[in-house]
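K.L.:
Pasting a structure here, questions to come.
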Amino acid sequence: MDNGGCRSSKPGEYPSDCELTQALRERAMQRNTPIPRSEQWNALLPRAKKIQLLLLDVDGVLTDGTIIYTEGGGESKGFNTQDGFGLRMLQDSGVDVGLITARTSEAVQRRATDLGFAHLYQGRKDKTAVYEEILDKTGLRPLQTAYMGDDWLDLPLLARVGLSAAPANSVAEVLGQVHYVCKLSGGNGAVREFCELILEGRGQLASLLAGYRG
């Protein structure tokens with residue numbers, strides 16, 4: 001029996017070199033096949049193309065929302081490395097990143113420093129006021145900004161930006177307002193997913209991936 005130009009091995013035989021090569025070729029073709037995207041994703045690419053600044057909430061977005069109190073009186077938070085890599089790619093592509101959170105945490109300060117974020121605002125419950133400060137400072141227009149949040153405190157800002165998103169496990173009111181609902185949850189890849197949407201809208205995702213594939 002022919003298998004893509006190769007003779008199929010008989011039961012109990014090891015695959016031939018030809019069959020192994022054919023299998024590797026098929027895997028490579030599958031890897032290079034475009035990732036299927038939802039209608040929602042594709043419809044938002046024109047909005048994503050305009051984004052020059054991504055702002056994020058922290059708890060429930062960059063983290064899974066869990067807050068661990070340490071014996072020394074501090075807080076411990078866990079961050080997702082894939083989210084971090086997505087944010088690095090976004091910044092390398094020319095999009096600034098900032099955090100706006102109502103809480104204050106040394107862990108958040110360290111994460112923002114490690115990733116080189118352009119903006120960090122902690123202990124600020126009025127996120128819309130912070131947003132207006134950022135617009136004044138940068139000269140950006142709302143359509144050039146994006147925001148991801150997960151709870152009621154984020155609703156006013158989500159309504160102001162050009163592109164809004166929420167992790168899959170956000171509260172219902174947020175899910176019903178944003179432009180894009182991620183397939184993934186907060187602290188588990190939602191931020192990376194949103195980064196890829198912005199990168200694809202800017203026409204940079206495919207070239208970035210090709211660079212890593214060599």
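All residue names refer to the structure tokens as shown: chains lettered A, B, ... in order, residues numbered from 1 in each chain, ligands numbered from 1 in order.
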Per DSSP on the backbone, what are the alpha helix (DSSP H) residues of segment 135-209 of chain A, as a PyMOL selection string?
P.N.:
chain A and resi 135-138+155-158+172-175+190-201+205-209
K.L.:
Atoms to include: N, CA and C atoms. Write the selected residues as a PDB file, in the first residue's frame.
P.N.:
```
ATOM      1  N   LEU A 135      -3.603  59.526  29.123  1.00  0.00           N
ATOM      2  CA  LEU A 135      -3.887  60.142  27.825  1.00  0.00           C
ATOM      3  C   LEU A 135      -3.252  61.520  27.723  1.00  0.00           C
ATOM      4  N   ASP A 136      -3.344  62.295  28.802  1.00  0.00           N
ATOM      5  CA  ASP A 136      -2.735  63.626  28.804  1.00  0.00           C
ATOM      6  C   ASP A 136      -1.220  63.531  28.650  1.00  0.00           C
ATOM      7  N   LYS A 137      -0.625  62.555  29.327  1.00  0.00           N
ATOM      8  CA  LYS A 137       0.833  62.416  29.319  1.00  0.00           C
ATOM      9  C   LYS A 137       1.359  61.902  27.987  1.00  0.00           C
ATOM     10  N   THR A 138       0.627  60.986  27.360  1.00  0.00           N
ATOM     11  CA  THR A 138       1.115  60.347  26.139  1.00  0.00           C
ATOM     12  C   THR A 138       0.617  61.001  24.856  1.00  0.00           C
ATOM     13  N   LEU A 155     -15.362  48.396  34.890  1.00  0.00           N
ATOM     14  CA  LEU A 155     -16.399  48.714  33.900  1.00  0.00           C
ATOM     15  C   LEU A 155     -16.269  50.110  33.283  1.00  0.00           C
ATOM     16  N   PRO A 156     -16.052  51.186  34.068  1.00  0.00           N
ATOM     17  CA  PRO A 156     -15.963  52.510  33.444  1.00  0.00           C
ATOM     18  C   PRO A 156     -14.818  52.621  32.442  1.00  0.00           C
ATOM     19  N   LEU A 157     -13.661  52.040  32.773  1.00  0.00           N
ATOM     20  CA  LEU A 157     -12.518  52.133  31.874  1.00  0.00           C
ATOM     21  C   LEU A 157     -12.705  51.252  30.640  1.00  0.00           C
ATOM     22  N   LEU A 158     -13.307  50.087  30.823  1.00  0.00           N
ATOM     23  CA  LEU A 158     -13.575  49.216  29.682  1.00  0.00           C
ATOM     24  C   LEU A 158     -14.461  49.904  28.643  1.00  0.00           C
ATOM     25  N   ALA A 172     -20.079  38.401  35.103  1.00  0.00           N
ATOM     26  CA  ALA A 172     -20.999  38.450  33.974  1.00  0.00           C
ATOM     27  C   ALA A 172     -21.140  39.851  33.389  1.00  0.00           C
ATOM     28  N   GLU A 173     -21.176  40.864  34.256  1.00  0.00           N
ATOM     29  CA  GLU A 173     -21.366  42.233  33.772  1.00  0.00           C
ATOM     30  C   GLU A 173     -20.208  42.681  32.884  1.00  0.00           C
ATOM     31  N   VAL A 174     -19.012  42.250  33.215  1.00  0.00           N
ATOM     32  CA  VAL A 174     -17.840  42.582  32.401  1.00  0.00           C
ATOM     33  C   VAL A 174     -17.876  41.802  31.087  1.00  0.00           C
ATOM     34  N   LEU A 175     -18.191  40.517  31.161  1.00  0.00           N
ATOM     35  CA  LEU A 175     -18.258  39.692  29.957  1.00  0.00           C
ATOM     36  C   LEU A 175     -19.268  40.249  28.951  1.00  0.00           C
ATOM     37  N   ALA A 190      -4.808  34.366  29.488  1.00  0.00           N
ATOM     38  CA  ALA A 190      -5.734  35.330  28.879  1.00  0.00           C
ATOM     39  C   ALA A 190      -4.994  36.547  28.339  1.00  0.00           C
ATOM     40  N   VAL A 191      -4.016  37.033  29.087  1.00  0.00           N
ATOM     41  CA  VAL A 191      -3.260  38.209  28.642  1.00  0.00           C
ATOM     42  C   VAL A 191      -2.481  37.881  27.370  1.00  0.00           C
ATOM     43  N   ARG A 192      -1.852  36.716  27.323  1.00  0.00           N
ATOM     44  CA  ARG A 192      -1.129  36.303  26.119  1.00  0.00           C
ATOM     45  C   ARG A 192      -2.073  36.251  24.909  1.00  0.00           C
ATOM     46  N   GLU A 193      -3.271  35.728  25.130  1.00  0.00           N
ATOM     47  CA  GLU A 193      -4.263  35.648  24.061  1.00  0.00           C
ATOM     48  C   GLU A 193      -4.600  37.040  23.528  1.00  0.00           C
ATOM     49  N   PHE A 194      -4.783  37.984  24.429  1.00  0.00           N
ATOM     50  CA  PHE A 194      -5.113  39.353  24.021  1.00  0.00           C
ATOM     51  C   PHE A 194      -3.934  40.007  23.310  1.00  0.00           C
ATOM     52  N   CYS A 195      -2.720  39.733  23.794  1.00  0.00           N
ATOM     53  CA  CYS A 195      -1.521  40.251  23.133  1.00  0.00           C
ATOM     54  C   CYS A 195      -1.462  39.773  21.689  1.00  0.00           C
ATOM     55  N   GLU A 196      -1.779  38.505  21.467  1.00  0.00           N
ATOM     56  CA  GLU A 196      -1.720  37.948  20.118  1.00  0.00           C
ATOM     57  C   GLU A 196      -2.789  38.571  19.216  1.00  0.00           C
ATOM     58  N   LEU A 197      -3.945  38.879  19.780  1.00  0.00           N
ATOM     59  CA  LEU A 197      -4.976  39.570  19.000  1.00  0.00           C
ATOM     60  C   LEU A 197      -4.457  40.919  18.522  1.00  0.00           C
ATOM     61  N   ILE A 198      -3.837  41.672  19.422  1.00  0.00           N
ATOM     62  CA  ILE A 198      -3.300  42.993  19.063  1.00  0.00           C
ATOM     63  C   ILE A 198      -2.182  42.854  18.038  1.00  0.00           C
ATOM     64  N   LEU A 199      -1.293  41.894  18.254  1.00  0.00           N
ATOM     65  CA  LEU A 199      -0.183  41.690  17.322  1.00  0.00           C
ATOM     66  C   LEU A 199      -0.679  41.293  15.935  1.00  0.00           C
ATOM     67  N   GLU A 200      -1.690  40.445  15.889  1.00  0.00           N
ATOM     68  CA  GLU A 200      -2.230  40.052  14.587  1.00  0.00           C
ATOM     69  C   GLU A 200      -2.901  41.227  13.899  1.00  0.00           C
ATOM     70  N   GLY A 201      -3.620  42.038  14.678  1.00  0.00           N
ATOM     71  CA  GLY A 201      -4.251  43.211  14.100  1.00  0.00           C
ATOM     72  C   GLY A 201      -3.231  44.184  13.527  1.00  0.00           C
ATOM     73  N   LEU A 205       2.113  39.413  14.088  1.00  0.00           N
ATOM     74  CA  LEU A 205       2.146  38.115  14.754  1.00  0.00           C
ATOM     75  C   LEU A 205       2.826  37.056  13.895  1.00  0.00           C
ATOM     76  N   ALA A 206       2.480  36.976  12.628  1.00  0.00           N
ATOM     77  CA  ALA A 206       3.037  35.938  11.755  1.00  0.00           C
ATOM     78  C   ALA A 206       4.543  36.081  11.604  1.00  0.00           C
ATOM     79  N   SER A 207       5.034  37.300  11.451  1.00  0.00           N
ATOM     80  CA  SER A 207       6.471  37.503  11.280  1.00  0.00           C
ATOM     81  C   SER A 207       7.231  37.196  12.559  1.00  0.00           C
ATOM     82  N   LEU A 208       6.636  37.505  13.710  1.00  0.00           N
ATOM     83  CA  LEU A 208       7.267  37.171  14.989  1.00  0.00           C
ATOM     84  C   LEU A 208       7.404  35.660  15.140  1.00  0.00           C
ATOM     85  N   LEU A 209       6.328  34.952  14.817  1.00  0.00           N
ATOM     86  CA  LEU A 209       6.349  33.488  14.926  1.00  0.00           C
ATOM     87  C   LEU A 209       7.362  32.892  13.952  1.00  0.00           C
TER      88      LEU A 209
END
```
K.L.:
Compile a residue-level contact table for segment 46-127 of chain A against segment 178-189 of chain A at a cut-off of 10 Å, reporting for every qualifying residue the shortest atom pair and its distance in Å to one decimal, with only C-alpha atoms counted, rows ordered by chain and ascending number, as a tab-separated table.
P.N.:
```
residue	atom	partner	partner_atom	distance
A:Arg47	CA	A:His179	CA	9.7
A:Val58	CA	A:Gly187	CA	9.0
A:Asp59	CA	A:Gly186	CA	8.1
A:Gly60	CA	A:Gly186	CA	5.0
A:Val61	CA	A:Gly186	CA	4.2
A:Leu62	CA	A:Gly187	CA	4.9
A:Thr63	CA	A:Gly187	CA	3.8
A:Asp64	CA	A:Gly187	CA	4.3
A:Gly65	CA	A:Gly186	CA	7.4
A:Thr66	CA	A:Gly187	CA	9.5
A:Lys77	CA	A:Gly187	CA	10.0
A:Gly78	CA	A:Gly187	CA	7.7
A:Phe79	CA	A:Gly187	CA	6.2
A:Asn80	CA	A:Gly187	CA	5.7
A:Thr81	CA	A:Gly189	CA	8.7
A:Gln82	CA	A:Gly189	CA	6.3
A:Asp83	CA	A:Gly189	CA	5.6
A:Gly84	CA	A:Gly189	CA	9.3
A:Gly86	CA	A:Gly189	CA	9.1
```
K.L.:
Using the selection just defined, write its residues with C-alpha atoms as a PDB file, in the first residue's frame.
P.N.:
```pdb
ATOM      1  CA  ARG A  47      -9.575  47.888  16.113  1.00  0.00           C
ATOM      2  CA  VAL A  58      -3.689  42.873  37.936  1.00  0.00           C
ATOM      3  CA  ASP A  59      -5.723  40.588  40.229  1.00  0.00           C
ATOM      4  CA  GLY A  60      -7.837  38.241  38.136  1.00  0.00           C
ATOM      5  CA  VAL A  61      -6.113  39.331  34.920  1.00  0.00           C
ATOM      6  CA  LEU A  62      -2.341  39.003  35.293  1.00  0.00           C
ATOM      7  CA  THR A  63      -3.021  36.595  38.169  1.00  0.00           C
ATOM      8  CA  ASP A  64      -5.750  34.040  38.858  1.00  0.00           C
ATOM      9  CA  GLY A  65      -7.113  36.337  41.559  1.00  0.00           C
ATOM     10  CA  THR A  66      -5.619  34.421  44.470  1.00  0.00           C
ATOM     11  CA  LYS A  77       1.109  36.567  43.775  1.00  0.00           C
ATOM     12  CA  GLY A  78       1.740  34.146  40.923  1.00  0.00           C
ATOM     13  CA  PHE A  79       2.314  35.309  37.344  1.00  0.00           C
ATOM     14  CA  ASN A  80       2.100  33.319  34.124  1.00  0.00           C
ATOM     15  CA  THR A  81       5.288  33.112  32.035  1.00  0.00           C
ATOM     16  CA  GLN A  82       3.358  32.872  28.755  1.00  0.00           C
ATOM     17  CA  ASP A  83       1.544  36.093  29.626  1.00  0.00           C
ATOM     18  CA  GLY A  84       4.926  37.660  30.327  1.00  0.00           C
ATOM     19  CA  GLY A  86       3.332  37.902  25.162  1.00  0.00           C
TER      20      GLY A  86
END
```
K.L.:
Can you pull out every residue from segment 38-213 of chain A that DSSP, working from the backbone, puts in strand (DSSP E or B), and format the result as an MDAnalysis selection string?
P.N.:
chainID A and resid 53:56 68:69 75:76 96:100 119:121 145:148 163:166 180:181
K.L.:
Given the selection you just returned, output its residues as a file containing C-alpha atoms, formatted as a short mmCIF file (atom, residue, chain, number, x, y, z; two decimals), in the first residue's frame.
P.N.:
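Listed below is the output, again-v2.cif:
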```cif
data_model
loop_
_atom_site.label_atom_id
_atom_site.label_comp_id
_atom_site.auth_asym_id
_atom_site.auth_seq_id
_atom_site.Cartn_x
_atom_site.Cartn_y
_atom_site.Cartn_z
CA LEU A 53 -0.97 51.11 24.53
CA LEU A 54 -2.27 48.13 26.47
CA LEU A 55 -3.41 48.70 30.05
CA LEU A 56 -4.18 45.86 32.44
CA ILE A 68 -1.67 34.85 49.64
CA TYR A 69 -0.76 36.71 52.82
CA GLU A 75 1.36 39.50 49.74
CA SER A 76 2.36 36.74 47.37
CA ASP A 96 3.54 50.19 25.49
CA VAL A 97 2.11 48.35 28.48
CA GLY A 98 0.82 49.64 31.82
CA LEU A 99 -0.86 48.37 34.98
CA ILE A 100 -3.67 50.03 36.94
CA HIS A 119 3.17 52.77 33.32
CA LEU A 120 2.41 51.48 36.81
CA TYR A 121 -0.35 52.85 39.03
CA THR A 145 -5.63 52.19 23.75
CA ALA A 146 -6.75 48.78 25.01
CA TYR A 147 -7.69 47.53 28.46
CA MET A 148 -8.35 44.16 30.09
CA LEU A 163 -10.41 47.76 22.41
CA SER A 164 -11.55 46.02 25.60
CA ALA A 165 -11.17 42.42 26.73
CA ALA A 166 -11.85 40.18 29.70
CA TYR A 180 -13.44 40.42 23.26
CA VAL A 181 -13.92 37.57 25.74
#
```
K.L.:
Between atom CA of Gly116 of chain A and atom CA of Gln52 of chain A, what distance in Å does the model show, to one decimal?
P.N.:
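Separation between atom CA of Gly116 of chain A and atom CA of Gln52 of chain A: 15.6 Å.
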K.L.:
Quote the spacing between atom CA of Ala129 of chain A and atom CA of Gly162 of chain A in Å to one decimal place.
P.N.:
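Taking atom CA of Ala129 of chain A as the start and atom CA of Gly162 of chain A as the end point, the length is 16.6 Å.
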K.L.:
How far is it from atom CA of Val161 of chain A to atom CA of Gln144 of chain A, in Å with one decimal?
P.N.:
7.7 Å
